[in-house]
file my_file.cif (mmCIF, N, CA and C atoms)
data_protein
#
loop_
_atom_site.label_atom_id
_atom_site.label_comp_id
_atom_site.auth_asym_id
_atom_site.auth_seq_id
_atom_site.Cartn_x
_atom_site.Cartn_y
_atom_site.Cartn_z
N MET A 229 -29.61 -24.63 20.15
CA MET A 229 -29.20 -23.24 20.06
C MET A 229 -28.23 -23.08 18.90
N SER A 230 -28.59 -22.24 17.94
CA SER A 230 -27.69 -22.06 16.80
C SER A 230 -26.80 -20.85 17.06
N THR A 231 -25.60 -20.98 16.60
CA THR A 231 -24.67 -19.87 16.74
C THR A 231 -24.31 -19.37 15.36
N GLN A 232 -24.07 -18.10 15.27
CA GLN A 232 -23.68 -17.51 14.00
C GLN A 232 -22.19 -17.72 13.80
N PRO A 233 -21.76 -18.11 12.60
CA PRO A 233 -20.33 -18.34 12.39
C PRO A 233 -19.55 -17.04 12.49
N THR A 234 -18.32 -17.16 12.96
CA THR A 234 -17.43 -15.99 12.99
C THR A 234 -16.60 -16.05 11.73
N ASP A 235 -15.30 -16.06 11.83
CA ASP A 235 -14.45 -16.12 10.65
C ASP A 235 -14.65 -17.45 9.95
N PRO A 236 -14.66 -17.44 8.61
CA PRO A 236 -14.81 -18.69 7.88
C PRO A 236 -13.67 -19.65 8.21
N PRO A 237 -13.98 -20.95 8.34
CA PRO A 237 -12.91 -21.91 8.56
C PRO A 237 -11.99 -21.95 7.34
N THR A 238 -10.77 -22.34 7.58
CA THR A 238 -9.83 -22.39 6.46
C THR A 238 -10.09 -23.62 5.61
N ARG A 239 -9.74 -23.50 4.35
CA ARG A 239 -9.79 -24.61 3.42
C ARG A 239 -8.74 -24.34 2.36
N GLN A 240 -8.51 -25.30 1.50
CA GLN A 240 -7.51 -25.14 0.44
C GLN A 240 -7.84 -23.88 -0.36
N GLY A 241 -6.87 -22.98 -0.53
CA GLY A 241 -7.06 -21.78 -1.32
C GLY A 241 -7.64 -20.61 -0.57
N ALA A 242 -8.09 -20.80 0.67
CA ALA A 242 -8.65 -19.70 1.44
C ALA A 242 -7.58 -19.13 2.36
N LEU A 243 -7.89 -18.03 2.97
CA LEU A 243 -6.97 -17.44 3.93
C LEU A 243 -6.72 -18.40 5.08
N GLY A 244 -5.49 -18.54 5.47
CA GLY A 244 -5.18 -19.32 6.66
C GLY A 244 -5.54 -18.51 7.89
N PRO A 245 -5.55 -19.14 9.07
CA PRO A 245 -5.96 -18.43 10.28
C PRO A 245 -5.08 -17.22 10.60
N PHE A 246 -3.78 -17.33 10.36
CA PHE A 246 -2.90 -16.19 10.63
C PHE A 246 -3.18 -15.05 9.67
N ALA A 247 -3.33 -15.35 8.39
CA ALA A 247 -3.59 -14.31 7.40
C ALA A 247 -4.94 -13.66 7.64
N TRP A 248 -5.93 -14.46 8.05
CA TRP A 248 -7.26 -13.92 8.34
C TRP A 248 -7.18 -12.94 9.51
N ALA A 249 -6.48 -13.34 10.56
CA ALA A 249 -6.32 -12.47 11.73
C ALA A 249 -5.51 -11.22 11.38
N ALA A 250 -4.46 -11.38 10.59
CA ALA A 250 -3.62 -10.24 10.21
C ALA A 250 -4.42 -9.24 9.38
N THR A 251 -5.29 -9.72 8.51
CA THR A 251 -6.12 -8.83 7.70
C THR A 251 -7.09 -8.06 8.57
N ARG A 252 -7.64 -8.73 9.58
CA ARG A 252 -8.54 -8.07 10.53
C ARG A 252 -7.79 -6.98 11.32
N VAL A 253 -6.58 -7.31 11.77
CA VAL A 253 -5.78 -6.33 12.52
C VAL A 253 -5.45 -5.14 11.62
N LEU A 254 -5.12 -5.39 10.37
CA LEU A 254 -4.83 -4.32 9.42
C LEU A 254 -6.04 -3.41 9.23
N ALA A 255 -7.20 -4.00 9.05
CA ALA A 255 -8.43 -3.21 8.90
C ALA A 255 -8.71 -2.40 10.15
N ALA A 256 -8.59 -3.04 11.32
CA ALA A 256 -8.85 -2.34 12.58
C ALA A 256 -7.84 -1.21 12.80
N ALA A 257 -6.59 -1.44 12.42
CA ALA A 257 -5.58 -0.40 12.56
C ALA A 257 -5.90 0.80 11.68
N GLY A 258 -6.31 0.55 10.45
CA GLY A 258 -6.70 1.64 9.56
C GLY A 258 -7.87 2.43 10.13
N LEU A 259 -8.85 1.73 10.66
CA LEU A 259 -10.00 2.39 11.26
C LEU A 259 -9.61 3.16 12.52
N ALA A 260 -8.69 2.61 13.30
CA ALA A 260 -8.23 3.29 14.52
C ALA A 260 -7.48 4.59 14.17
N VAL A 261 -6.65 4.54 13.15
CA VAL A 261 -5.94 5.75 12.71
C VAL A 261 -6.95 6.78 12.22
N ASP A 262 -7.93 6.34 11.46
CA ASP A 262 -9.00 7.21 10.98
C ASP A 262 -9.70 7.86 12.19
N ALA A 263 -10.05 7.07 13.18
CA ALA A 263 -10.73 7.59 14.38
C ALA A 263 -9.86 8.62 15.09
N TYR A 264 -8.59 8.29 15.30
CA TYR A 264 -7.69 9.21 16.00
C TYR A 264 -7.55 10.54 15.26
N LEU A 265 -7.29 10.47 13.96
CA LEU A 265 -7.06 11.69 13.20
C LEU A 265 -8.30 12.57 13.14
N HIS A 266 -9.47 11.97 12.97
CA HIS A 266 -10.69 12.78 12.96
C HIS A 266 -10.94 13.42 14.32
N ALA A 267 -10.72 12.68 15.40
CA ALA A 267 -10.88 13.25 16.74
C ALA A 267 -9.86 14.37 16.96
N HIS A 268 -8.64 14.14 16.53
CA HIS A 268 -7.56 15.11 16.70
C HIS A 268 -7.84 16.41 15.93
N LEU A 269 -8.41 16.30 14.75
CA LEU A 269 -8.64 17.47 13.89
C LEU A 269 -9.96 18.18 14.15
N ALA A 270 -10.86 17.57 14.89
CA ALA A 270 -12.22 18.08 15.03
C ALA A 270 -12.28 19.54 15.49
N ALA A 271 -11.52 19.90 16.51
CA ALA A 271 -11.59 21.27 17.05
C ALA A 271 -11.21 22.31 15.99
N ARG A 272 -10.31 21.95 15.10
CA ARG A 272 -9.88 22.86 14.04
C ARG A 272 -11.04 23.24 13.12
N TYR A 273 -12.04 22.37 13.04
CA TYR A 273 -13.15 22.58 12.10
C TYR A 273 -14.46 22.98 12.78
N ASP A 274 -14.42 23.30 14.07
CA ASP A 274 -15.64 23.67 14.79
C ASP A 274 -16.27 24.96 14.26
N THR A 275 -15.48 25.85 13.68
CA THR A 275 -16.02 27.12 13.21
C THR A 275 -16.70 27.01 11.84
N ILE A 276 -16.51 25.91 11.14
CA ILE A 276 -17.16 25.70 9.85
C ILE A 276 -18.51 25.07 10.13
N THR A 277 -19.55 25.88 9.97
CA THR A 277 -20.87 25.41 10.39
C THR A 277 -21.96 25.90 9.46
N SER A 278 -23.01 25.13 9.40
CA SER A 278 -24.23 25.52 8.69
C SER A 278 -25.37 25.32 9.67
N GLY A 279 -25.63 24.10 10.03
CA GLY A 279 -26.54 23.74 11.12
C GLY A 279 -25.77 22.83 12.06
N ILE A 280 -24.88 22.08 11.46
CA ILE A 280 -23.97 21.17 12.17
C ILE A 280 -22.56 21.62 11.83
N SER A 281 -21.68 21.63 12.82
CA SER A 281 -20.30 22.05 12.50
C SER A 281 -19.54 20.88 11.88
N GLN A 282 -18.55 21.22 11.09
CA GLN A 282 -17.69 20.19 10.51
C GLN A 282 -16.94 19.46 11.62
N GLY A 283 -16.61 20.16 12.69
CA GLY A 283 -15.97 19.52 13.84
C GLY A 283 -16.84 18.43 14.44
N THR A 284 -18.14 18.68 14.53
CA THR A 284 -19.07 17.67 15.04
C THR A 284 -19.11 16.47 14.11
N LEU A 285 -19.11 16.72 12.82
CA LEU A 285 -19.10 15.62 11.85
C LEU A 285 -17.80 14.82 11.96
N PHE A 286 -16.68 15.50 12.22
CA PHE A 286 -15.41 14.80 12.43
C PHE A 286 -15.48 13.92 13.67
N ARG A 287 -16.09 14.43 14.74
CA ARG A 287 -16.23 13.63 15.96
C ARG A 287 -17.13 12.41 15.72
N LEU A 288 -18.16 12.59 14.92
CA LEU A 288 -19.04 11.47 14.57
C LEU A 288 -18.26 10.42 13.78
N GLU A 289 -17.48 10.86 12.81
CA GLU A 289 -16.64 9.91 12.04
C GLU A 289 -15.67 9.19 12.96
N ALA A 290 -15.09 9.91 13.90
CA ALA A 290 -14.15 9.30 14.85
C ALA A 290 -14.85 8.21 15.66
N ALA A 291 -16.04 8.49 16.14
CA ALA A 291 -16.79 7.51 16.94
C ALA A 291 -17.17 6.29 16.11
N LEU A 292 -17.64 6.52 14.88
CA LEU A 292 -18.03 5.40 14.02
C LEU A 292 -16.82 4.54 13.66
N ALA A 293 -15.69 5.17 13.37
CA ALA A 293 -14.49 4.42 13.02
C ALA A 293 -13.97 3.62 14.22
N ALA A 294 -14.03 4.21 15.41
CA ALA A 294 -13.59 3.49 16.61
C ALA A 294 -14.49 2.27 16.87
N LEU A 295 -15.80 2.46 16.75
CA LEU A 295 -16.73 1.34 16.92
C LEU A 295 -16.47 0.27 15.86
N ALA A 296 -16.26 0.67 14.63
CA ALA A 296 -15.99 -0.29 13.55
C ALA A 296 -14.72 -1.08 13.83
N ALA A 297 -13.68 -0.42 14.33
CA ALA A 297 -12.43 -1.12 14.64
C ALA A 297 -12.66 -2.18 15.72
N LEU A 298 -13.43 -1.84 16.73
CA LEU A 298 -13.73 -2.81 17.80
C LEU A 298 -14.54 -3.99 17.27
N LEU A 299 -15.52 -3.71 16.42
CA LEU A 299 -16.33 -4.79 15.84
C LEU A 299 -15.48 -5.73 15.00
N VAL A 300 -14.58 -5.17 14.21
CA VAL A 300 -13.71 -5.99 13.35
C VAL A 300 -12.85 -6.91 14.20
N LEU A 301 -12.35 -6.40 15.30
CA LEU A 301 -11.46 -7.20 16.15
C LEU A 301 -12.20 -8.20 17.05
N PHE A 302 -13.34 -7.77 17.60
CA PHE A 302 -13.93 -8.58 18.67
C PHE A 302 -15.27 -9.22 18.35
N TRP A 303 -16.02 -8.70 17.39
CA TRP A 303 -17.32 -9.31 17.11
C TRP A 303 -17.25 -10.25 15.92
N ARG A 304 -16.58 -9.89 14.87
CA ARG A 304 -16.30 -10.72 13.70
C ARG A 304 -17.53 -11.41 13.12
N ARG A 305 -18.59 -10.66 12.98
CA ARG A 305 -19.81 -11.14 12.35
C ARG A 305 -20.05 -10.32 11.08
N LEU A 306 -20.84 -10.87 10.19
CA LEU A 306 -21.10 -10.20 8.92
C LEU A 306 -21.65 -8.78 9.09
N PRO A 307 -22.63 -8.54 9.96
CA PRO A 307 -23.12 -7.15 10.10
C PRO A 307 -22.02 -6.18 10.55
N GLY A 308 -21.16 -6.61 11.45
CA GLY A 308 -20.05 -5.76 11.90
C GLY A 308 -19.06 -5.50 10.79
N ASP A 309 -18.78 -6.54 10.00
CA ASP A 309 -17.86 -6.37 8.87
C ASP A 309 -18.45 -5.43 7.82
N LEU A 310 -19.74 -5.54 7.56
CA LEU A 310 -20.39 -4.65 6.61
C LEU A 310 -20.36 -3.20 7.12
N PHE A 311 -20.60 -3.03 8.41
CA PHE A 311 -20.55 -1.71 9.02
C PHE A 311 -19.15 -1.11 8.88
N ALA A 312 -18.13 -1.90 9.19
CA ALA A 312 -16.74 -1.43 9.11
C ALA A 312 -16.38 -1.06 7.67
N ALA A 313 -16.80 -1.88 6.72
CA ALA A 313 -16.52 -1.57 5.31
C ALA A 313 -17.23 -0.27 4.91
N ALA A 314 -18.46 -0.09 5.35
CA ALA A 314 -19.20 1.13 5.02
C ALA A 314 -18.54 2.37 5.61
N VAL A 315 -18.05 2.26 6.85
CA VAL A 315 -17.38 3.40 7.48
C VAL A 315 -16.10 3.74 6.72
N ALA A 316 -15.30 2.74 6.40
CA ALA A 316 -14.03 2.99 5.71
C ALA A 316 -14.26 3.52 4.30
N ILE A 317 -15.13 2.87 3.54
CA ILE A 317 -15.38 3.28 2.16
C ILE A 317 -16.10 4.63 2.13
N GLY A 318 -17.09 4.79 2.99
CA GLY A 318 -17.83 6.05 3.03
C GLY A 318 -16.95 7.22 3.44
N GLY A 319 -16.11 7.00 4.45
CA GLY A 319 -15.21 8.06 4.89
C GLY A 319 -14.23 8.47 3.80
N LEU A 320 -13.67 7.48 3.12
CA LEU A 320 -12.73 7.77 2.03
C LEU A 320 -13.44 8.49 0.88
N ALA A 321 -14.63 8.03 0.54
CA ALA A 321 -15.38 8.66 -0.55
C ALA A 321 -15.68 10.12 -0.23
N LEU A 322 -16.13 10.39 0.99
CA LEU A 322 -16.43 11.78 1.36
C LEU A 322 -15.17 12.64 1.38
N LEU A 323 -14.06 12.08 1.89
CA LEU A 323 -12.81 12.83 1.90
C LEU A 323 -12.42 13.23 0.48
N LEU A 324 -12.52 12.28 -0.45
CA LEU A 324 -12.13 12.57 -1.84
C LEU A 324 -13.10 13.53 -2.52
N VAL A 325 -14.40 13.36 -2.26
CA VAL A 325 -15.38 14.28 -2.86
C VAL A 325 -15.12 15.69 -2.39
N TYR A 326 -14.97 15.88 -1.08
CA TYR A 326 -14.76 17.24 -0.56
C TYR A 326 -13.37 17.78 -0.85
N ARG A 327 -12.47 16.94 -1.28
CA ARG A 327 -11.15 17.42 -1.72
C ARG A 327 -11.23 17.95 -3.15
N TYR A 328 -12.00 17.26 -4.01
CA TYR A 328 -11.99 17.58 -5.43
C TYR A 328 -13.25 18.27 -5.96
N VAL A 329 -14.34 18.28 -5.20
CA VAL A 329 -15.61 18.85 -5.68
C VAL A 329 -16.13 19.86 -4.66
N ASN A 330 -16.47 21.04 -5.13
CA ASN A 330 -17.07 22.04 -4.25
C ASN A 330 -18.57 21.80 -4.20
N VAL A 331 -18.99 20.95 -3.29
CA VAL A 331 -20.39 20.56 -3.17
C VAL A 331 -21.23 21.70 -2.62
N GLY A 332 -20.64 22.53 -1.77
CA GLY A 332 -21.39 23.61 -1.13
C GLY A 332 -22.13 23.07 0.09
N GLU A 333 -22.97 23.90 0.67
CA GLU A 333 -23.77 23.47 1.82
C GLU A 333 -24.87 22.54 1.35
N LEU A 334 -25.15 21.53 2.16
CA LEU A 334 -26.26 20.60 1.89
C LEU A 334 -27.16 20.59 3.12
N GLY A 335 -28.16 21.45 3.13
CA GLY A 335 -29.02 21.56 4.31
C GLY A 335 -28.19 21.95 5.52
N PRO A 336 -28.23 21.12 6.59
CA PRO A 336 -27.46 21.45 7.79
C PRO A 336 -25.97 21.11 7.68
N ILE A 337 -25.58 20.45 6.59
CA ILE A 337 -24.17 20.06 6.40
C ILE A 337 -23.42 21.26 5.83
N PRO A 338 -22.34 21.68 6.50
CA PRO A 338 -21.60 22.86 6.01
C PRO A 338 -20.83 22.57 4.73
N ASP A 339 -20.39 23.64 4.09
CA ASP A 339 -19.53 23.51 2.92
C ASP A 339 -18.16 23.04 3.41
N MET A 340 -17.80 21.80 3.09
CA MET A 340 -16.56 21.22 3.59
C MET A 340 -15.49 21.10 2.50
N TYR A 341 -15.67 21.83 1.42
CA TYR A 341 -14.70 21.81 0.33
C TYR A 341 -13.34 22.29 0.85
N GLU A 342 -12.33 21.50 0.63
CA GLU A 342 -10.97 21.84 1.06
C GLU A 342 -10.01 21.27 0.02
N PRO A 343 -9.68 22.08 -1.00
CA PRO A 343 -8.93 21.57 -2.16
C PRO A 343 -7.41 21.47 -1.94
N VAL A 344 -7.01 21.03 -0.78
CA VAL A 344 -5.58 20.88 -0.50
C VAL A 344 -5.33 19.53 0.16
N TRP A 345 -4.10 19.07 0.01
CA TRP A 345 -3.64 17.89 0.74
C TRP A 345 -2.65 18.36 1.80
N TYR A 346 -2.74 17.82 2.99
CA TYR A 346 -1.76 18.07 4.03
C TYR A 346 -1.54 16.74 4.74
N GLY A 347 -0.53 16.66 5.58
CA GLY A 347 -0.11 15.39 6.16
C GLY A 347 -1.21 14.57 6.82
N GLU A 348 -1.99 15.21 7.69
CA GLU A 348 -3.04 14.46 8.39
C GLU A 348 -4.15 14.00 7.44
N LYS A 349 -4.44 14.80 6.43
CA LYS A 349 -5.47 14.42 5.46
C LYS A 349 -4.98 13.23 4.62
N GLN A 350 -3.71 13.28 4.22
CA GLN A 350 -3.13 12.16 3.47
C GLN A 350 -3.11 10.90 4.32
N ALA A 351 -2.73 11.02 5.58
CA ALA A 351 -2.70 9.85 6.47
C ALA A 351 -4.10 9.27 6.67
N THR A 352 -5.09 10.14 6.80
CA THR A 352 -6.47 9.67 6.93
C THR A 352 -6.91 8.93 5.68
N ALA A 353 -6.61 9.49 4.52
CA ALA A 353 -6.99 8.83 3.26
C ALA A 353 -6.32 7.46 3.15
N MET A 354 -5.05 7.39 3.49
CA MET A 354 -4.34 6.11 3.42
C MET A 354 -4.93 5.10 4.41
N ALA A 355 -5.20 5.54 5.63
CA ALA A 355 -5.77 4.64 6.64
C ALA A 355 -7.13 4.13 6.20
N GLN A 356 -7.97 5.01 5.67
CA GLN A 356 -9.29 4.59 5.20
C GLN A 356 -9.18 3.65 4.02
N ALA A 357 -8.23 3.90 3.12
CA ALA A 357 -8.05 3.02 1.97
C ALA A 357 -7.58 1.64 2.40
N VAL A 358 -6.65 1.59 3.33
CA VAL A 358 -6.17 0.30 3.84
C VAL A 358 -7.31 -0.47 4.50
N ALA A 359 -8.07 0.23 5.35
CA ALA A 359 -9.21 -0.43 6.02
C ALA A 359 -10.24 -0.89 5.00
N ALA A 360 -10.54 -0.06 4.02
CA ALA A 360 -11.53 -0.43 3.00
C ALA A 360 -11.09 -1.65 2.21
N LEU A 361 -9.85 -1.68 1.77
CA LEU A 361 -9.36 -2.83 1.00
C LEU A 361 -9.33 -4.10 1.85
N ALA A 362 -8.90 -3.98 3.09
CA ALA A 362 -8.88 -5.15 3.96
C ALA A 362 -10.29 -5.67 4.21
N MET A 363 -11.23 -4.77 4.45
CA MET A 363 -12.61 -5.21 4.70
C MET A 363 -13.24 -5.82 3.45
N LEU A 364 -12.98 -5.22 2.29
CA LEU A 364 -13.52 -5.80 1.05
C LEU A 364 -12.95 -7.20 0.83
N TYR A 365 -11.67 -7.38 1.10
CA TYR A 365 -11.06 -8.69 0.96
C TYR A 365 -11.70 -9.70 1.91
N LEU A 366 -11.91 -9.31 3.15
CA LEU A 366 -12.55 -10.20 4.12
C LEU A 366 -13.98 -10.54 3.70
N LEU A 367 -14.71 -9.55 3.24
CA LEU A 367 -16.09 -9.79 2.82
C LEU A 367 -16.16 -10.69 1.59
N LEU A 368 -15.27 -10.46 0.62
CA LEU A 368 -15.27 -11.31 -0.57
C LEU A 368 -14.86 -12.73 -0.24
N THR A 369 -13.91 -12.89 0.67
CA THR A 369 -13.50 -14.22 1.10
C THR A 369 -14.66 -14.94 1.78
N ARG A 370 -15.38 -14.22 2.61
CA ARG A 370 -16.55 -14.79 3.30
C ARG A 370 -17.62 -15.20 2.28
N LEU A 371 -17.86 -14.33 1.31
CA LEU A 371 -18.86 -14.61 0.28
C LEU A 371 -18.47 -15.83 -0.56
N ARG A 372 -17.20 -15.90 -0.94
CA ARG A 372 -16.71 -17.05 -1.70
C ARG A 372 -16.90 -18.34 -0.94
N ARG A 373 -16.63 -18.30 0.36
CA ARG A 373 -16.77 -19.48 1.19
C ARG A 373 -18.23 -19.92 1.25
N ARG A 374 -19.12 -18.95 1.41
CA ARG A 374 -20.56 -19.30 1.50
C ARG A 374 -21.05 -19.89 0.18
N ARG A 375 -20.57 -19.38 -0.94
CA ARG A 375 -20.97 -19.93 -2.23
C ARG A 375 -20.44 -21.33 -2.46
N ALA A 376 -19.30 -21.63 -1.86
CA ALA A 376 -18.68 -22.96 -2.04
C ALA A 376 -19.45 -24.03 -1.26
N HIS A 377 -20.25 -23.62 -0.32
CA HIS A 377 -20.98 -24.63 0.50
C HIS A 377 -22.37 -24.81 0.03
#
call {"tool": "encode", "arguments": {"input": "my_file.cif", "output": "structure tokens"}}
result
Amino acid sequence: MSTQPTDPPTRQGALGPFAWAATRVLAAAGLAVDAYLHAHLAARYDTITSGISQGTLFRLEAALAALAALLVLFWRRLPGDLFAAAVAIGGLALLLVYRYVNVGELGPIPDMYEPVWYGEKQATAMAQAVAALAMLYLLLTRLRRRRAH
């Protein structure tokens, strides 16, 4: 019976076990903050709708970020790490696009252009950026380890 490796074993120059765990906790914390803030703000955006309300999209982001945080902490497999990185990077990218570009409606997706920064939006951007950087670091470390073998 073969088992899939979890976190790469430590070696000279690689993350030690404490640093590896701390990076995972940092990524999960960023994703958890992202999940909380999107869930918290969702009702505020329920009236912005095309076919799907922006509030519904916020709830979806909250659910995806919460699942990603759990995967990062408890599953620690490459597919889960890739999913978590995609949620963090994708969420941050969309936040920045809709902050700076008036995309307009896209089919059932409402016009979510909001050219302002406010506390919760800034906190979400920071949380997503922290999670994205932590996940990219974990993925690159994993890739480096696989190439070394």
call {"tool": "residues_around", "arguments": {"input": "my_file.cif", "residues": "Gln282 (chain A)", "least_positions_apart": "3", "cutoff": "8 Å", "atoms": "only C-alpha atoms", "output": "VMD selection string"}}
result
chain A and resid 270 273 to 277 285 to 286 337 to 338 340
call {"tool": "atom_distance", "arguments": {"input": "my_file.cif", "atom1": "CA of Ala256 (chain A)", "atom2": "CA of Arg375 (chain A)"}}
result
26.0 Å
call {"tool": "select_by_dssp", "arguments": {"input": "my_file.cif", "residues": "chain A", "states": "alpha helix (DSSP H)", "output": "ChimeraX atom specification"}}
result
/A:245-269,282-298,306-328,347-376
call {"tool": "residues_near_point", "arguments": {"input": "my_file.cif", "point": "(-6.0, 8.4, 11.4)", "cutoff": "8 Å", "atoms": "only N, CA and C atoms", "output": "list in words"}}
result
Ala257, Gly258, Leu259, Ala260, Val261, Asp262, Ala263, Tyr264, Leu265, His266, Ala267, Glu348, Ala351, Thr352, Ala353, Met354, Ala355 and Gln356 of chain A
call {"tool": "residues_around", "arguments": {"input": "my_file.cif", "residues": "Tyr341 (chain A)", "least_positions_apart": "2", "cutoff": "8 Å", "atoms": "only N, CA and C atoms", "output": "PyMOL selection string"}}
result
chain A and resi 325-333+338-339+343-344
call {"tool": "residues_around", "arguments": {"input": "my_file.cif", "residues": "Arg304 (chain A)", "least_positions_apart": "4", "cutoff": "12 Å", "atoms": "only C-alpha atoms", "output": "NGL selection string"}}
result
:A and (232-236 or 248-249 or 251-253 or 255-256 or 296-300 or 308-312 or 363 or 366-367 or 370)
call {"tool": "atom_distance", "arguments": {"input": "my_file.cif", "atom1": "CA of Ala314 (chain A)", "atom2": "atom C of Ala250 (chain A)"}}
result
18.6 Å
call {"tool": "atom_distance", "arguments": {"input": "my_file.cif", "atom1": "CA of Tyr365 (chain A)", "atom2": "atom C of Thr284 (chain A)"}}
result
29.5 Å
call {"tool": "select_by_dssp", "arguments": {"input": "my_file.cif", "residues": "chain A", "states": "strand (DSSP E or B)", "output": "list in words"}}
result
Thr277, Ser281, Leu334 and Ile337 of chain A
call {"tool": "write_last_selection", "arguments": {"input": "my_file.cif", "atoms": "N, CA and C atoms", "output": "PDB file, in the frame of the given file"}}
result
ATOM      1  N   THR A 277     -19.550  25.880   9.970  1.00  0.00           N
ATOM      2  CA  THR A 277     -20.870  25.410  10.390  1.00  0.00           C
ATOM      3  C   THR A 277     -21.960  25.900   9.460  1.00  0.00           C
ATOM      4  N   SER A 281     -21.680  21.630  12.820  1.00  0.00           N
ATOM      5  CA  SER A 281     -20.300  22.050  12.500  1.00  0.00           C
ATOM      6  C   SER A 281     -19.540  20.880  11.880  1.00  0.00           C
ATOM      7  N   LEU A 334     -25.150  21.530   2.160  1.00  0.00           N
ATOM      8  CA  LEU A 334     -26.260  20.600   1.890  1.00  0.00           C
ATOM      9  C   LEU A 334     -27.160  20.590   3.120  1.00  0.00           C
ATOM     10  N   ILE A 337     -25.580  20.450   6.590  1.00  0.00           N
ATOM     11  CA  ILE A 337     -24.170  20.060   6.400  1.00  0.00           C
ATOM     12  C   ILE A 337     -23.420  21.260   5.830  1.00  0.00           C
TER      13      ILE A 337
END
call {"tool": "closest_residue", "arguments": {"input": "my_file.cif", "among": "A:Gly319, A:Gly347, A:Pro336, A:Pro307", "to": "Ser278 (chain A)", "atoms": "all atoms listed in the file"}}
result
A:Pro336
call {"tool": "decode", "arguments": {"input": "my_file.cif", "residues": "region 305-316 of chain A", "atoms": "N, CA, C and O atoms", "output": "mmCIF file, in the first residue's frame"}}
result
data_model
loop_
_atom_site.group_PDB
_atom_site.id
_atom_site.type_symbol
_atom_site.label_atom_id
_atom_site.label_comp_id
_atom_site.auth_asym_id
_atom_site.auth_seq_id
_atom_site.Cartn_x
_atom_site.Cartn_y
_atom_site.Cartn_z
ATOM 1 N N ARG A 305 -1.708 17.782 1.435
ATOM 2 C CA ARG A 305 -1.347 17.092 0.200
ATOM 3 C C ARG A 305 -1.255 18.134 -0.917
ATOM 4 O O ARG A 305 -1.842 19.201 -0.838
ATOM 5 N N LEU A 306 -0.546 17.785 -1.963
ATOM 6 C CA LEU A 306 -0.353 18.716 -3.072
ATOM 7 C C LEU A 306 -1.666 19.245 -3.649
ATOM 8 O O LEU A 306 -1.798 20.459 -3.848
ATOM 9 N N PRO A 307 -2.666 18.405 -3.918
ATOM 10 C CA PRO A 307 -3.923 18.965 -4.463
ATOM 11 C C PRO A 307 -4.570 19.994 -3.524
ATOM 12 O O PRO A 307 -5.085 21.017 -3.983
ATOM 13 N N GLY A 308 -4.540 19.743 -2.233
ATOM 14 C CA GLY A 308 -5.095 20.694 -1.272
ATOM 15 C C GLY A 308 -4.310 21.986 -1.237
ATOM 16 O O GLY A 308 -4.884 23.084 -1.147
ATOM 17 N N ASP A 309 -2.987 21.867 -1.314
ATOM 18 C CA ASP A 309 -2.143 23.067 -1.335
ATOM 19 C C ASP A 309 -2.376 23.881 -2.604
ATOM 20 O O ASP A 309 -2.416 25.111 -2.566
ATOM 21 N N LEU A 310 -2.531 23.209 -3.726
ATOM 22 C CA LEU A 310 -2.810 23.911 -4.982
ATOM 23 C C LEU A 310 -4.168 24.609 -4.921
ATOM 24 O O LEU A 310 -4.313 25.746 -5.376
ATOM 25 N N PHE A 311 -5.158 23.930 -4.345
ATOM 26 C CA PHE A 311 -6.481 24.517 -4.176
ATOM 27 C C PHE A 311 -6.405 25.764 -3.299
ATOM 28 O O PHE A 311 -6.963 26.815 -3.634
ATOM 29 N N ALA A 312 -5.700 25.666 -2.179
ATOM 30 C CA ALA A 312 -5.573 26.800 -1.254
ATOM 31 C C ALA A 312 -4.865 27.969 -1.928
ATOM 32 O O ALA A 312 -5.269 29.132 -1.766
ATOM 33 N N ALA A 313 -3.817 27.685 -2.679
ATOM 34 C CA ALA A 313 -3.109 28.755 -3.391
ATOM 35 C C ALA A 313 -4.029 29.409 -4.421
ATOM 36 O O ALA A 313 -4.056 30.639 -4.542
ATOM 37 N N ALA A 314 -4.805 28.605 -5.130
ATOM 38 C CA ALA A 314 -5.723 29.151 -6.132
ATOM 39 C C ALA A 314 -6.793 30.030 -5.491
ATOM 40 O O ALA A 314 -7.128 31.096 -6.025
ATOM 41 N N VAL A 315 -7.319 29.609 -4.338
ATOM 42 C CA VAL A 315 -8.331 30.412 -3.648
ATOM 43 C C VAL A 315 -7.733 31.746 -3.197
ATOM 44 O O VAL A 315 -8.333 32.807 -3.404
ATOM 45 N N ALA A 316 -6.559 31.703 -2.590
ATOM 46 C CA ALA A 316 -5.931 32.931 -2.091
ATOM 47 C C ALA A 316 -5.539 33.864 -3.235
ATOM 48 O O ALA A 316 -5.851 35.062 -3.211
#
